[in-house]
$ cat target00.txt   # compact mmCIF, C-alpha atoms
# COMPACT_ATOMS: atom_id res chain seq x y z
CA MET A 71 -61.16 86.86 42.56
CA ALA A 72 -63.59 89.77 41.98
CA LEU A 73 -64.07 92.46 44.60
CA CYS A 74 -67.27 94.23 45.49
CA THR A 75 -67.68 97.32 47.66
CA GLY A 76 -70.06 96.91 50.54
CA ALA A 77 -70.85 99.74 52.92
CA ASN A 78 -67.47 101.16 54.03
CA GLN A 79 -65.46 98.06 53.19
CA THR A 80 -64.30 95.95 50.27
CA GLU A 81 -64.48 92.24 50.54
CA PRO A 82 -63.54 89.54 48.08
CA LEU A 83 -66.36 87.57 46.51
CA SER A 84 -65.88 84.00 47.55
CA GLN A 85 -66.49 81.18 45.18
CA HIS A 86 -69.67 80.35 47.03
CA HIS A 87 -71.25 83.61 45.85
CA ASP A 88 -73.68 83.34 42.94
CA LEU A 89 -71.98 86.13 40.97
CA VAL A 90 -68.77 84.14 40.57
CA PRO A 91 -69.07 81.00 38.44
CA ASP A 92 -68.11 77.74 40.05
CA TRP A 93 -65.43 76.83 37.57
CA THR A 94 -63.22 79.81 38.47
CA ALA A 95 -62.39 77.98 41.70
CA HIS A 96 -61.11 74.85 40.00
CA GLU A 97 -57.73 74.11 38.55
CA VAL A 98 -57.47 73.40 34.85
CA ARG A 99 -57.17 69.65 34.33
CA THR A 100 -56.63 67.42 31.39
CA GLY A 101 -58.85 64.68 32.90
CA THR A 102 -58.35 62.59 29.88
CA THR A 103 -57.72 59.40 27.98
CA ILE A 104 -54.28 58.91 26.46
CA MET A 105 -52.76 55.87 24.82
CA ALA A 106 -49.69 54.74 22.93
CA VAL A 107 -48.95 51.45 21.12
CA GLU A 108 -45.67 50.08 19.76
CA PHE A 109 -45.50 48.35 16.40
CA ASP A 110 -42.61 47.12 14.31
CA GLY A 111 -41.20 50.32 12.85
CA GLY A 112 -42.77 52.94 15.07
CA VAL A 113 -45.49 53.95 17.49
CA VAL A 114 -49.11 55.14 17.35
CA MET A 115 -50.26 57.64 19.98
CA GLY A 116 -53.74 58.89 20.70
CA ALA A 117 -55.59 61.25 23.01
CA ASP A 118 -59.01 62.83 23.47
CA SER A 119 -59.38 66.62 23.32
CA ARG A 120 -61.18 67.75 26.48
CA THR A 121 -59.69 70.10 29.10
CA THR A 122 -61.89 70.82 32.09
CA THR A 123 -62.00 73.30 34.97
CA GLY A 124 -64.47 71.60 37.29
CA ALA A 125 -67.61 71.01 35.25
CA TYR A 126 -66.75 73.55 32.53
CA ILE A 127 -64.92 72.37 29.44
CA ALA A 128 -62.26 75.02 29.03
CA ASN A 129 -61.02 73.66 25.74
CA ARG A 130 -62.92 71.06 23.69
CA VAL A 131 -60.30 70.77 20.95
CA THR A 132 -57.13 70.46 23.03
CA ASP A 133 -54.04 68.92 21.52
CA LYS A 134 -52.57 66.67 24.18
CA LEU A 135 -49.98 65.12 21.88
CA THR A 136 -47.00 67.39 22.41
CA PRO A 137 -43.80 67.24 20.37
CA ILE A 138 -40.62 66.88 22.38
CA HIS A 139 -38.37 66.30 19.40
CA ASP A 140 -38.76 65.40 15.72
CA ARG A 141 -39.60 61.76 16.37
CA ILE A 142 -40.50 61.85 20.06
CA PHE A 143 -43.88 62.91 21.38
CA CYS A 144 -45.57 62.83 24.75
CA CYS A 145 -49.21 62.45 25.77
CA ARG A 146 -50.19 64.58 28.75
CA SER A 147 -52.70 63.87 31.53
CA GLY A 148 -53.30 65.49 34.91
CA SER A 149 -52.81 69.16 35.62
CA ALA A 150 -52.59 71.09 32.35
CA ALA A 151 -50.18 73.66 33.82
CA ASP A 152 -47.84 71.05 35.28
CA THR A 153 -47.66 68.96 32.13
CA GLN A 154 -47.09 71.95 29.86
CA ALA A 155 -44.28 73.17 32.10
CA ILE A 156 -42.65 69.74 32.29
CA ALA A 157 -42.88 69.23 28.54
CA ASP A 158 -41.24 72.62 27.93
CA VAL A 159 -38.37 71.83 30.29
CA VAL A 160 -37.77 68.36 28.87
CA ALA A 161 -37.94 69.60 25.27
CA TYR A 162 -35.25 72.17 26.08
CA GLN A 163 -33.02 69.66 27.88
CA LEU A 164 -33.40 67.12 25.08
CA ASP A 165 -32.60 69.68 22.40
CA LEU A 166 -29.40 70.66 24.19
CA HIS A 167 -28.48 67.00 24.67
CA SER A 168 -28.97 66.15 21.00
CA ILE A 169 -26.81 69.10 19.92
CA VAL A 170 -24.04 67.95 22.28
CA MET A 171 -24.32 64.33 21.04
CA ASN A 172 -24.64 65.47 17.42
CA GLU A 173 -27.38 62.96 16.66
CA PRO A 174 -31.13 62.60 17.18
CA PRO A 175 -32.00 61.70 20.81
CA GLN A 176 -33.14 58.29 21.93
CA VAL A 177 -36.69 57.79 23.19
CA LYS A 178 -35.43 56.32 26.44
CA THR A 179 -33.38 59.46 27.06
CA ALA A 180 -36.48 61.61 26.71
CA ALA A 181 -38.38 59.22 28.98
CA ASN A 182 -35.66 59.38 31.60
CA LEU A 183 -35.65 63.17 31.52
CA PHE A 184 -39.39 63.12 32.20
CA ARG A 185 -38.92 60.62 34.96
CA ARG A 186 -36.14 62.61 36.58
CA PHE A 187 -38.27 65.73 36.68
CA CYS A 188 -41.50 64.02 37.72
CA TYR A 189 -39.84 62.01 40.49
CA ARG A 190 -37.82 64.89 41.92
CA TYR A 191 -40.84 67.14 42.16
CA ARG A 192 -43.39 64.43 42.80
CA GLU A 193 -44.85 66.18 45.85
CA GLU A 194 -45.69 69.32 43.89
CA LEU A 195 -46.70 67.84 40.56
CA MET A 196 -49.83 66.12 39.30
CA ALA A 197 -48.75 64.74 35.94
CA GLY A 198 -49.19 61.42 34.19
CA ILE A 199 -47.22 61.27 30.95
CA ILE A 200 -46.75 58.71 28.20
CA VAL A 201 -43.57 59.20 26.13
CA ALA A 202 -43.38 57.52 22.74
CA GLY A 203 -41.34 57.80 19.58
CA TRP A 204 -38.90 56.22 17.19
CA ASP A 205 -35.13 56.13 17.22
CA LYS A 206 -32.72 54.17 15.07
CA ARG A 207 -31.27 52.10 17.90
CA GLY A 208 -34.48 50.86 19.50
CA GLY A 209 -37.18 51.36 16.86
CA GLY A 210 -40.63 52.25 18.15
CA GLN A 211 -40.77 52.52 21.95
CA VAL A 212 -43.45 53.48 24.48
CA PHE A 213 -42.61 54.51 28.04
CA THR A 214 -45.07 55.44 30.74
CA VAL A 215 -44.28 57.91 33.55
CA PRO A 216 -47.36 57.90 35.79
CA ILE A 217 -48.02 60.14 38.81
CA GLY A 218 -45.23 59.60 41.32
CA GLY A 219 -42.46 59.39 38.77
CA MET A 220 -42.08 55.70 37.95
CA LEU A 221 -40.68 54.79 34.54
CA VAL A 222 -41.56 51.61 32.73
CA ARG A 223 -41.49 50.53 29.11
CA GLN A 224 -44.63 48.79 27.83
CA PRO A 225 -45.79 47.63 24.40
CA VAL A 226 -49.08 49.41 25.04
CA ALA A 227 -49.73 52.10 27.65
CA VAL A 228 -52.94 53.87 28.63
CA GLY A 229 -53.36 56.78 31.00
CA GLY A 230 -55.65 59.46 32.33
CA SER A 231 -59.02 59.21 34.03
CA GLY A 232 -60.65 57.48 31.07
CA SER A 233 -58.07 54.73 30.96
CA SER A 234 -59.67 52.73 33.80
CA TYR A 235 -62.60 51.88 31.55
CA ILE A 236 -60.53 50.43 28.74
CA TYR A 237 -58.06 48.20 30.57
CA GLY A 238 -60.23 45.18 29.83
CA PHE A 239 -60.64 46.13 26.17
CA VAL A 240 -56.92 46.75 25.69
CA ASP A 241 -55.91 43.54 27.49
CA GLU A 242 -58.24 41.54 25.30
CA ASN A 243 -57.55 43.17 21.94
CA PHE A 244 -53.84 43.98 21.92
CA LYS A 245 -51.60 41.47 20.20
CA PRO A 246 -47.90 41.96 19.51
CA GLY A 247 -46.99 42.22 15.83
CA MET A 248 -49.86 44.45 14.66
CA SER A 249 -49.37 46.67 11.62
CA LYS A 250 -49.54 50.47 11.73
CA GLU A 251 -53.08 50.53 10.34
CA GLU A 252 -54.27 47.94 12.85
CA CYS A 253 -52.70 49.96 15.67
CA ILE A 254 -54.45 53.11 14.47
CA ARG A 255 -57.81 51.33 14.38
CA PHE A 256 -57.20 49.75 17.78
CA THR A 257 -56.26 53.11 19.34
CA GLY A 258 -59.24 54.90 17.75
CA LYS A 259 -61.64 52.29 19.04
CA ALA A 260 -60.18 52.29 22.55
CA LEU A 261 -60.34 56.09 22.75
CA ALA A 262 -63.95 56.09 21.53
CA LEU A 263 -64.93 53.58 24.23
CA ALA A 264 -63.23 55.57 26.97
CA MET A 265 -64.66 58.89 25.77
CA GLU A 266 -68.14 57.42 25.90
CA ARG A 267 -67.84 56.38 29.54
CA ASP A 268 -65.59 59.03 31.09
CA GLY A 269 -67.11 62.45 31.67
CA SER A 270 -63.69 64.09 31.68
CA SER A 271 -62.81 62.74 28.22
CA GLY A 272 -64.47 63.72 24.98
CA GLY A 273 -64.41 65.91 21.90
CA VAL A 274 -62.33 64.57 19.04
CA ALA A 275 -59.77 61.78 19.00
CA ARG A 276 -56.31 62.93 17.95
CA LEU A 277 -53.91 60.32 16.59
CA ALA A 278 -50.26 60.44 15.63
CA ALA A 279 -48.12 57.76 13.99
CA ILE A 280 -44.34 58.14 14.32
CA THR A 281 -41.96 56.14 12.15
CA GLU A 282 -38.49 56.53 10.67
CA ALA A 283 -40.08 58.39 7.75
CA GLY A 284 -41.61 60.98 10.04
CA LEU A 285 -44.86 61.95 11.64
CA GLU A 286 -48.46 61.48 10.44
CA ARG A 287 -51.20 63.20 12.41
CA SER A 288 -54.91 62.58 12.04
CA VAL A 289 -58.14 63.52 13.77
CA ILE A 290 -61.32 61.51 14.19
CA LEU A 291 -64.18 63.96 14.66
CA GLY A 292 -66.85 63.30 17.26
CA ASN A 293 -69.49 62.10 14.78
CA GLN A 294 -67.00 59.84 13.02
CA LEU A 295 -65.98 57.90 16.11
CA PRO A 296 -66.94 54.22 16.15
CA THR A 297 -70.25 53.53 17.92
CA PHE A 298 -71.25 50.44 19.83
CA SER A 299 -74.44 48.47 20.00
CA SER A 300 -74.90 49.00 23.72
CA SER A 301 -75.28 52.78 23.31
CA MET B 138 -66.43 40.75 51.99
CA ASP B 139 -66.11 44.03 53.90
CA ARG B 140 -66.34 47.56 52.62
CA TYR B 141 -63.63 48.53 50.18
CA PHE B 142 -62.88 52.24 49.95
CA ASP B 143 -61.31 53.38 46.71
CA GLN B 144 -60.48 57.05 46.35
CA SER B 145 -60.61 56.98 42.58
CA ILE B 146 -64.15 55.62 42.50
CA LYS B 147 -66.85 57.78 44.05
CA GLY B 148 -68.71 56.15 46.88
CA VAL B 149 -68.20 52.79 48.48
CA SER B 150 -68.03 49.76 46.24
CA THR B 151 -67.44 46.26 47.36
CA GLY B 152 -64.17 44.65 46.33
CA THR B 153 -65.70 42.60 43.60
CA THR B 154 -66.76 42.25 39.99
CA ILE B 155 -70.35 41.30 39.21
CA LEU B 156 -72.35 41.24 36.03
CA ALA B 157 -75.56 40.00 34.46
CA VAL B 158 -76.22 39.58 30.73
CA LYS B 159 -79.32 38.64 28.75
CA PHE B 160 -78.98 36.16 25.91
CA ASN B 161 -81.36 34.42 23.57
CA GLY B 162 -83.53 32.39 25.94
CA GLY B 163 -82.04 33.26 29.31
CA VAL B 164 -79.70 35.30 31.47
CA ILE B 165 -76.26 34.70 32.88
CA ILE B 166 -75.37 36.23 36.21
CA GLY B 167 -71.76 36.07 37.36
CA SER B 168 -69.19 37.23 39.86
CA ASP B 169 -65.67 36.66 41.12
CA SER B 170 -65.10 34.92 44.45
CA ARG B 171 -62.78 37.10 46.49
CA ALA B 172 -63.64 38.63 49.86
CA SER B 173 -61.06 41.11 51.08
CA MET B 174 -60.52 43.15 54.24
CA GLY B 175 -59.11 46.60 53.69
CA GLY B 176 -57.77 45.72 50.28
CA SER B 177 -54.74 43.81 51.55
CA TYR B 178 -55.97 40.59 53.15
CA VAL B 179 -58.05 38.06 51.26
CA SER B 180 -60.48 36.76 53.82
CA SER B 181 -62.06 34.27 51.46
CA LYS B 182 -60.92 32.93 48.09
CA THR B 183 -64.08 31.08 47.20
CA ILE B 184 -67.06 33.02 48.45
CA ASN B 185 -70.24 32.72 46.39
CA LYS B 186 -71.76 36.13 45.81
CA LEU B 187 -74.71 34.88 43.79
CA ILE B 188 -77.76 34.55 46.02
CA GLN B 189 -80.82 32.63 44.98
CA VAL B 190 -83.97 34.49 45.98
CA HIS B 191 -86.31 32.17 44.10
CA ASP B 192 -86.13 29.19 41.71
CA ARG B 193 -85.32 31.25 38.65
CA ILE B 194 -84.27 34.56 40.21
CA PHE B 195 -80.76 35.33 41.46
CA CYS B 196 -79.15 38.40 42.97
CA CYS B 197 -75.66 39.63 43.36
CA ILE B 198 -74.54 42.39 45.65
CA ALA B 199 -72.35 45.45 45.46
CA GLY B 200 -71.69 47.16 48.76
CA SER B 201 -71.76 46.24 52.41
CA LEU B 202 -72.15 42.52 53.01
CA ALA B 203 -74.18 42.99 56.18
CA ASP B 204 -76.70 45.22 54.45
CA ALA B 205 -76.84 42.86 51.49
CA GLN B 206 -77.55 39.84 53.65
CA ALA B 207 -80.31 41.66 55.52
CA VAL B 208 -81.97 42.88 52.36
CA THR B 209 -81.78 39.59 50.49
CA LYS B 210 -83.11 37.65 53.47
CA MET B 211 -86.07 40.00 53.66
CA ALA B 212 -86.57 39.82 49.89
CA LYS B 213 -86.48 36.02 49.89
CA PHE B 214 -89.15 35.89 52.55
CA GLN B 215 -91.37 38.47 50.90
CA LEU B 216 -91.06 36.80 47.52
CA SER B 217 -91.93 33.33 48.73
CA PHE B 218 -94.95 34.73 50.56
CA HIS B 219 -95.95 36.70 47.46
CA SER B 220 -95.63 33.69 45.19
CA ILE B 221 -97.79 31.59 47.51
CA GLN B 222 -100.43 34.31 47.49
CA MET B 223 -100.33 34.66 43.71
CA GLU B 224 -100.10 30.87 43.25
CA SER B 225 -97.41 31.31 40.62
CA PRO B 226 -93.68 31.96 40.51
CA PRO B 227 -92.83 35.63 41.12
CA LEU B 228 -91.87 37.97 38.32
CA VAL B 229 -88.23 39.08 38.11
CA LYS B 230 -89.52 42.64 38.21
CA ALA B 231 -91.29 41.85 41.48
CA ALA B 232 -88.04 40.62 43.01
CA ALA B 233 -86.21 43.73 41.81
CA SER B 234 -89.03 45.92 43.11
CA VAL B 235 -88.82 44.35 46.55
CA MET B 236 -85.10 45.19 46.64
CA LYS B 237 -85.78 48.67 45.38
CA GLU B 238 -88.43 49.30 48.01
CA LEU B 239 -86.09 48.20 50.78
CA CYS B 240 -83.15 50.21 49.42
CA TYR B 241 -85.17 53.35 48.84
CA SER B 242 -87.05 53.38 52.14
CA ASN B 243 -83.86 52.80 54.08
CA LYS B 244 -81.55 54.77 51.87
CA ASP B 245 -79.99 56.70 54.75
CA GLU B 246 -78.92 53.55 56.57
CA LEU B 247 -78.07 51.15 53.76
CA GLN B 248 -74.95 50.97 51.59
CA ALA B 249 -75.78 48.28 49.07
CA GLY B 250 -76.78 48.02 45.43
CA PHE B 251 -78.01 44.91 43.65
CA ILE B 252 -78.14 43.21 40.32
CA THR B 253 -81.22 41.01 39.97
CA ALA B 254 -81.56 38.66 37.04
CA GLY B 255 -83.81 35.79 36.17
CA TRP B 256 -86.47 34.29 33.99
CA ASP B 257 -90.25 34.44 34.26
CA ARG B 258 -93.13 33.37 32.10
CA LYS B 259 -94.38 36.90 31.38
CA LYS B 260 -91.30 38.64 30.00
CA GLY B 261 -88.72 35.90 29.73
CA PRO B 262 -85.13 36.72 30.65
CA GLN B 263 -84.55 40.07 32.39
CA VAL B 264 -81.76 41.99 34.11
CA TYR B 265 -82.42 44.76 36.63
CA THR B 266 -80.09 46.94 38.64
CA VAL B 267 -81.03 48.61 41.88
CA SER B 268 -78.49 51.29 42.63
CA LEU B 269 -77.34 52.65 45.99
CA GLY B 270 -80.13 55.20 46.45
CA GLY B 271 -82.89 52.91 45.26
CA MET B 272 -83.18 53.55 41.52
CA LEU B 273 -84.52 50.59 39.55
CA LEU B 274 -83.41 50.16 35.97
CA SER B 275 -83.93 47.40 33.43
CA GLN B 276 -81.01 46.86 31.05
CA PRO B 277 -79.87 44.25 28.52
CA PHE B 278 -76.72 43.79 30.59
CA THR B 279 -75.11 45.43 33.55
CA ILE B 280 -71.81 45.37 35.44
CA GLY B 281 -70.98 46.40 38.98
CA GLY B 282 -68.43 46.37 41.78
CA SER B 283 -64.96 47.88 41.91
CA GLY B 284 -63.64 45.68 39.11
CA SER B 285 -66.33 46.80 36.71
CA THR B 286 -64.64 50.13 35.86
CA TYR B 287 -61.90 48.25 34.01
CA ILE B 288 -64.27 46.38 31.74
CA TYR B 289 -66.67 49.12 30.60
CA GLY B 290 -64.74 49.45 27.34
CA TYR B 291 -64.68 45.70 26.84
CA VAL B 292 -68.39 45.10 27.44
CA ASP B 293 -69.40 48.15 25.39
CA SER B 294 -67.44 46.86 22.43
CA LYS B 295 -68.26 43.16 22.73
CA TYR B 296 -71.91 43.00 23.76
CA LYS B 297 -74.50 42.26 21.11
CA PRO B 298 -78.18 41.53 21.69
CA ASP B 299 -79.49 37.96 21.19
CA MET B 300 -76.27 36.07 21.74
CA SER B 301 -76.34 32.32 22.03
CA ARG B 302 -75.76 30.59 25.37
CA GLU B 303 -72.16 29.69 24.53
CA GLU B 304 -71.31 33.17 23.21
CA CYS B 305 -72.78 34.68 26.34
CA LEU B 306 -70.85 32.32 28.63
CA GLN B 307 -67.64 33.28 26.83
CA PHE B 308 -68.51 36.98 27.05
CA ALA B 309 -69.22 36.80 30.79
CA THR B 310 -66.14 34.69 31.55
CA ASN B 311 -63.85 36.98 29.57
CA ALA B 312 -65.29 40.10 31.18
CA ILE B 313 -64.82 38.83 34.71
CA ALA B 314 -61.37 37.42 33.95
CA LEU B 315 -60.26 40.78 32.51
CA ALA B 316 -61.58 42.62 35.55
CA MET B 317 -59.88 40.16 37.92
CA GLY B 318 -56.64 40.75 36.02
CA ARG B 319 -56.67 44.45 36.75
CA ASP B 320 -58.56 44.83 40.06
CA ASN B 321 -56.63 43.63 43.07
CA VAL B 322 -59.73 43.09 45.21
CA SER B 323 -61.41 40.83 42.65
CA GLY B 324 -60.08 37.34 42.11
CA GLY B 325 -60.38 33.66 42.80
CA VAL B 326 -62.74 31.64 40.63
CA VAL B 327 -65.53 32.78 38.35
CA HIS B 328 -69.06 31.84 39.47
CA LEU B 329 -71.71 31.87 36.78
CA VAL B 330 -75.38 30.94 36.95
CA VAL B 331 -77.26 30.33 33.71
CA ILE B 332 -81.00 30.87 34.19
CA THR B 333 -83.46 29.73 31.55
CA GLU B 334 -87.00 28.42 31.39
CA ASP B 335 -85.64 24.99 32.34
CA GLY B 336 -84.04 26.15 35.56
CA ALA B 337 -80.79 27.49 36.97
CA GLU B 338 -77.39 25.92 36.32
CA HIS B 339 -74.33 26.88 38.36
CA VAL B 340 -71.01 26.89 36.52
CA VAL B 341 -67.69 27.40 38.31
CA ILE B 342 -64.56 28.20 36.33
CA PRO B 343 -61.41 27.70 38.41
CA GLY B 344 -58.45 30.07 38.14
CA ASP B 345 -56.31 27.86 35.93
CA LYS B 346 -59.09 27.42 33.36
CA LEU B 347 -59.67 31.15 32.92
CA PRO B 348 -58.80 32.75 29.56
CA LYS B 349 -55.32 34.23 29.40
CA PHE B 350 -54.46 37.52 27.71
CA HIS B 351 -51.48 38.80 25.83
CA ASP B 352 -49.22 39.70 28.74
CA GLU B 353 -49.80 36.55 30.81
$ encode --input "target00.txt" --output "structure tokens"
Amino acid sequence: MALCTGANQTEPLSQHHDLVPDWTAHEVRTGTTIMAVEFDGGVVMGADSRTTTGAYIANRVTDKLTPIHDRIFCCRSGSAADTQAIADVVAYQLDLHSIVMNEPPQVKTAANLFRRFCYRYREELMAGIIVAGWDKRGGGQVFTVPIGGMLVRQPVAVGGSGSSYIYGFVDENFKPGMSKEECIRFTGKALALAMERDGSSGGVARLAAITEAGLERSVILGNQLPTFSSS
Amino acid sequence: MDRYFDQSIKGVSTGTTILAVKFNGGVIIGSDSRASMGGSYVSSKTINKLIQVHDRIFCCIAGSLADAQAVTKMAKFQLSFHSIQMESPPLVKAAASVMKELCYSNKDELQAGFITAGWDRKKGPQVYTVSLGGMLLSQPFTIGGSGSTYIYGYVDSKYKPDMSREECLQFATNAIALAMGRDNVSGGVVHLVVITEDGAEHVVIPGDKLPKFHDE
């Protein structure tokens, strides 16, 4: 907070003062849309790229798809600070675990590490995380760890503030047994719909496809996103 | 159907899903049929939220039921008087304007928004929304109520102008079924009214005939 000297005393400028912008009083949030879909052989994950502090967009090209290990990623929503800290801790724990086990970690192990952390500190944290990846025992898997610290595996998971608007679309359009390309199209379309309706989601759509062969990242720029006849 | 407070949605919205869509030659107005108290007790499974204010003009409500009943009763009276004076059926815009006037003049006391849809000779099928503060807006389609947040993506992607009657029925049924699947204060049966030049037809789709989706 800035200080100004009045006659004979210093007093802090409160956030209600015109000299201090409104957004300095707000926490940094990834109010967001995140999504992950399983397919036979891997997973596709997607996220928007907007980070807000109140009404100000602190970062319009955020990368919310965070690597936890070679073939395990997480999508972050909620408080940016909380999710970055949790991802760092889990990445460290998972790395140590995989060295001890002498093999690449399983996706459900990573998911459980997230869940353990998020549940234990659920009163202090504001984090909604989707964990997805590929391992040789289970293939492509998607786990969701919403606020509160529940863990559940789902073929398709959505999260963040923008996800409310696309539940209907996802319910109607998801079918098990889609190919990787179909999943990528499905995720891109769902993100575009959510970004159009949710003020806290926007920017570009970042996508990642994780398979046994490795990781493929792509970006759909704002003007390349699918558009819809109602807009 | 009492007030339903949801912290994640700003303002008060009624525990419901309502929509109205224009198609080639008419409009379809629809809703679910659940009335809930406090989000945990279903006080009615088969309430009809579609109110007829004139032969070819229907309304559905989002918000407080008491306010909605008062406003629609007043609107019905004013419209019938107006149509006698004009010696012709009222315009859909007139019905929406009556609602708007009541909502705007009493905006401090009222907590209700409306969707008005119908057919008239001048402009054919029309859909209007009157929001909480009294804004009047004409749109090709509109959705409302607590369940509507879950279907914004679906309706944005699926709506196209000039659908046929059957396509529009399918669109409206799917939209409400999807919303009922995700919103715990929407449910029951789907009520639809198809309004065209020939009149208004009420269609009810019971729970077991609703479309099912991949995880059901």
$ axis_aligned_box --input "target00.txt" --around "range 208-212 of chain B" --padding-each-side "6 Å" --output "AutoDock Vina command-line options"
--center_x -84.2 --center_y 40.3 --center_z 51.8 --size_x 16.8 --size_y 17.2 --size_z 15.8
$ interface_residues --input "target00.txt" --of "chain A" --to "chain B" --cutoff "7 Å" --atoms "all atoms listed in the file" --output "list of chain:residue names"
A:Ser234, A:Tyr235, A:Ile236, A:Tyr237, A:Gly238, A:Phe239, A:Asp241, A:Glu242, A:Phe244, A:Lys245, A:Leu263, A:Ala264, A:Phe298, A:Ser299, A:Ser300
$ residues_around --input "target00.txt" --residues "range 124-133 of chain A" --least-positions-apart "2" --cutoff "6 Å" --atoms "all atoms listed in the file" --output "PyMOL selection string"
chain A and resi 93+96+119-122+135+273
$ residues_around --input "target00.txt" --residues "range 248-256 of chain A" --least-positions-apart "5" --cutoff "8 Å" --atoms "all atoms listed in the file" --output "list in words"
Val107, Phe109, Asp110, Gly112, Val113, Val114, Asn243, Leu277 and Ala279 of chain A
$ residues_around --input "target00.txt" --residues "range 212-221 of chain A" --least-positions-apart "5" --cutoff "10 Å" --atoms "all atoms listed in the file" --output "ChimeraX atom specification"
/A:105-109,112-115,142-145,147-148,177-178,180-182,184-193,195-204,226-230
$ write_last_selection --input "target00.txt" --atoms "C-alpha atoms" --output "PDB file, in the coordinates of the input"
ATOM      1  CA  MET A 105     -52.760  55.870  24.820  1.00  0.00           C
ATOM      2  CA  ALA A 106     -49.690  54.740  22.930  1.00  0.00           C
ATOM      3  CA  VAL A 107     -48.950  51.450  21.120  1.00  0.00           C
ATOM      4  CA  GLU A 108     -45.670  50.080  19.760  1.00  0.00           C
ATOM      5  CA  PHE A 109     -45.500  48.350  16.400  1.00  0.00           C
ATOM      6  CA  GLY A 112     -42.770  52.940  15.070  1.00  0.00           C
ATOM      7  CA  VAL A 113     -45.490  53.950  17.490  1.00  0.00           C
ATOM      8  CA  VAL A 114     -49.110  55.140  17.350  1.00  0.00           C
ATOM      9  CA  MET A 115     -50.260  57.640  19.980  1.00  0.00           C
ATOM     10  CA  ILE A 142     -40.500  61.850  20.060  1.00  0.00           C
ATOM     11  CA  PHE A 143     -43.880  62.910  21.380  1.00  0.00           C
ATOM     12  CA  CYS A 144     -45.570  62.830  24.750  1.00  0.00           C
ATOM     13  CA  CYS A 145     -49.210  62.450  25.770  1.00  0.00           C
ATOM     14  CA  SER A 147     -52.700  63.870  31.530  1.00  0.00           C
ATOM     15  CA  GLY A 148     -53.300  65.490  34.910  1.00  0.00           C
ATOM     16  CA  VAL A 177     -36.690  57.790  23.190  1.00  0.00           C
ATOM     17  CA  LYS A 178     -35.430  56.320  26.440  1.00  0.00           C
ATOM     18  CA  ALA A 180     -36.480  61.610  26.710  1.00  0.00           C
ATOM     19  CA  ALA A 181     -38.380  59.220  28.980  1.00  0.00           C
ATOM     20  CA  ASN A 182     -35.660  59.380  31.600  1.00  0.00           C
ATOM     21  CA  PHE A 184     -39.390  63.120  32.200  1.00  0.00           C
ATOM     22  CA  ARG A 185     -38.920  60.620  34.960  1.00  0.00           C
ATOM     23  CA  ARG A 186     -36.140  62.610  36.580  1.00  0.00           C
ATOM     24  CA  PHE A 187     -38.270  65.730  36.680  1.00  0.00           C
ATOM     25  CA  CYS A 188     -41.500  64.020  37.720  1.00  0.00           C
ATOM     26  CA  TYR A 189     -39.840  62.010  40.490  1.00  0.00           C
ATOM     27  CA  ARG A 190     -37.820  64.890  41.920  1.00  0.00           C
ATOM     28  CA  TYR A 191     -40.840  67.140  42.160  1.00  0.00           C
ATOM     29  CA  ARG A 192     -43.390  64.430  42.800  1.00  0.00           C
ATOM     30  CA  GLU A 193     -44.850  66.180  45.850  1.00  0.00           C
ATOM     31  CA  LEU A 195     -46.700  67.840  40.560  1.00  0.00           C
ATOM     32  CA  MET A 196     -49.830  66.120  39.300  1.00  0.00           C
ATOM     33  CA  ALA A 197     -48.750  64.740  35.940  1.00  0.00           C
ATOM     34  CA  GLY A 198     -49.190  61.420  34.190  1.00  0.00           C
ATOM     35  CA  ILE A 199     -47.220  61.270  30.950  1.00  0.00           C
ATOM     36  CA  ILE A 200     -46.750  58.710  28.200  1.00  0.00           C
ATOM     37  CA  VAL A 201     -43.570  59.200  26.130  1.00  0.00           C
ATOM     38  CA  ALA A 202     -43.380  57.520  22.740  1.00  0.00           C
ATOM     39  CA  GLY A 203     -41.340  57.800  19.580  1.00  0.00           C
ATOM     40  CA  TRP A 204     -38.900  56.220  17.190  1.00  0.00           C
ATOM     41  CA  VAL A 226     -49.080  49.410  25.040  1.00  0.00           C
ATOM     42  CA  ALA A 227     -49.730  52.100  27.650  1.00  0.00           C
ATOM     43  CA  VAL A 228     -52.940  53.870  28.630  1.00  0.00           C
ATOM     44  CA  GLY A 229     -53.360  56.780  31.000  1.00  0.00           C
ATOM     45  CA  GLY A 230     -55.650  59.460  32.330  1.00  0.00           C
TER      46      GLY A 230
END
$ closest_residue --input "target00.txt" --among "A:Val160, A:Leu166, A:Val274, A:Ile280" --to "Asn293 in chain A" --atoms "all atoms listed in the file"
A:Val274
$ atom_distance --input "target00.txt" --atom1 "CA of Gln222 in chain B" --atom2 "CA of Phe195 in chain B"
20.6 Å
$ decode --input "target00.txt" --residues "range 238-249 of chain B" --atoms "C-alpha atoms" --output "mmCIF file, in the first residue's frame"
data_model
loop_
_atom_site.group_PDB
_atom_site.id
_atom_site.type_symbol
_atom_site.label_atom_id
_atom_site.label_comp_id
_atom_site.auth_asym_id
_atom_site.auth_seq_id
_atom_site.Cartn_x
_atom_site.Cartn_y
_atom_site.Cartn_z
ATOM 1 C CA GLU B 238 -43.352 -0.856 -17.437
ATOM 2 C CA LEU B 239 -44.399 -2.720 -14.304
ATOM 3 C CA CYS B 240 -40.892 -4.039 -13.621
ATOM 4 C CA TYR B 241 -39.197 -0.711 -14.203
ATOM 5 C CA SER B 242 -41.616 1.457 -12.224
ATOM 6 C CA ASN B 243 -41.484 -0.918 -9.279
ATOM 7 C CA LYS B 244 -37.893 -1.961 -9.611
ATOM 8 C CA ASP B 245 -37.091 -1.358 -5.945
ATOM 9 C CA GLU B 246 -39.817 -3.704 -4.742
ATOM 10 C CA LEU B 247 -39.883 -6.414 -7.390
ATOM 11 C CA GLN B 248 -37.544 -9.371 -7.889
ATOM 12 C CA ALA B 249 -38.755 -10.921 -11.116
#
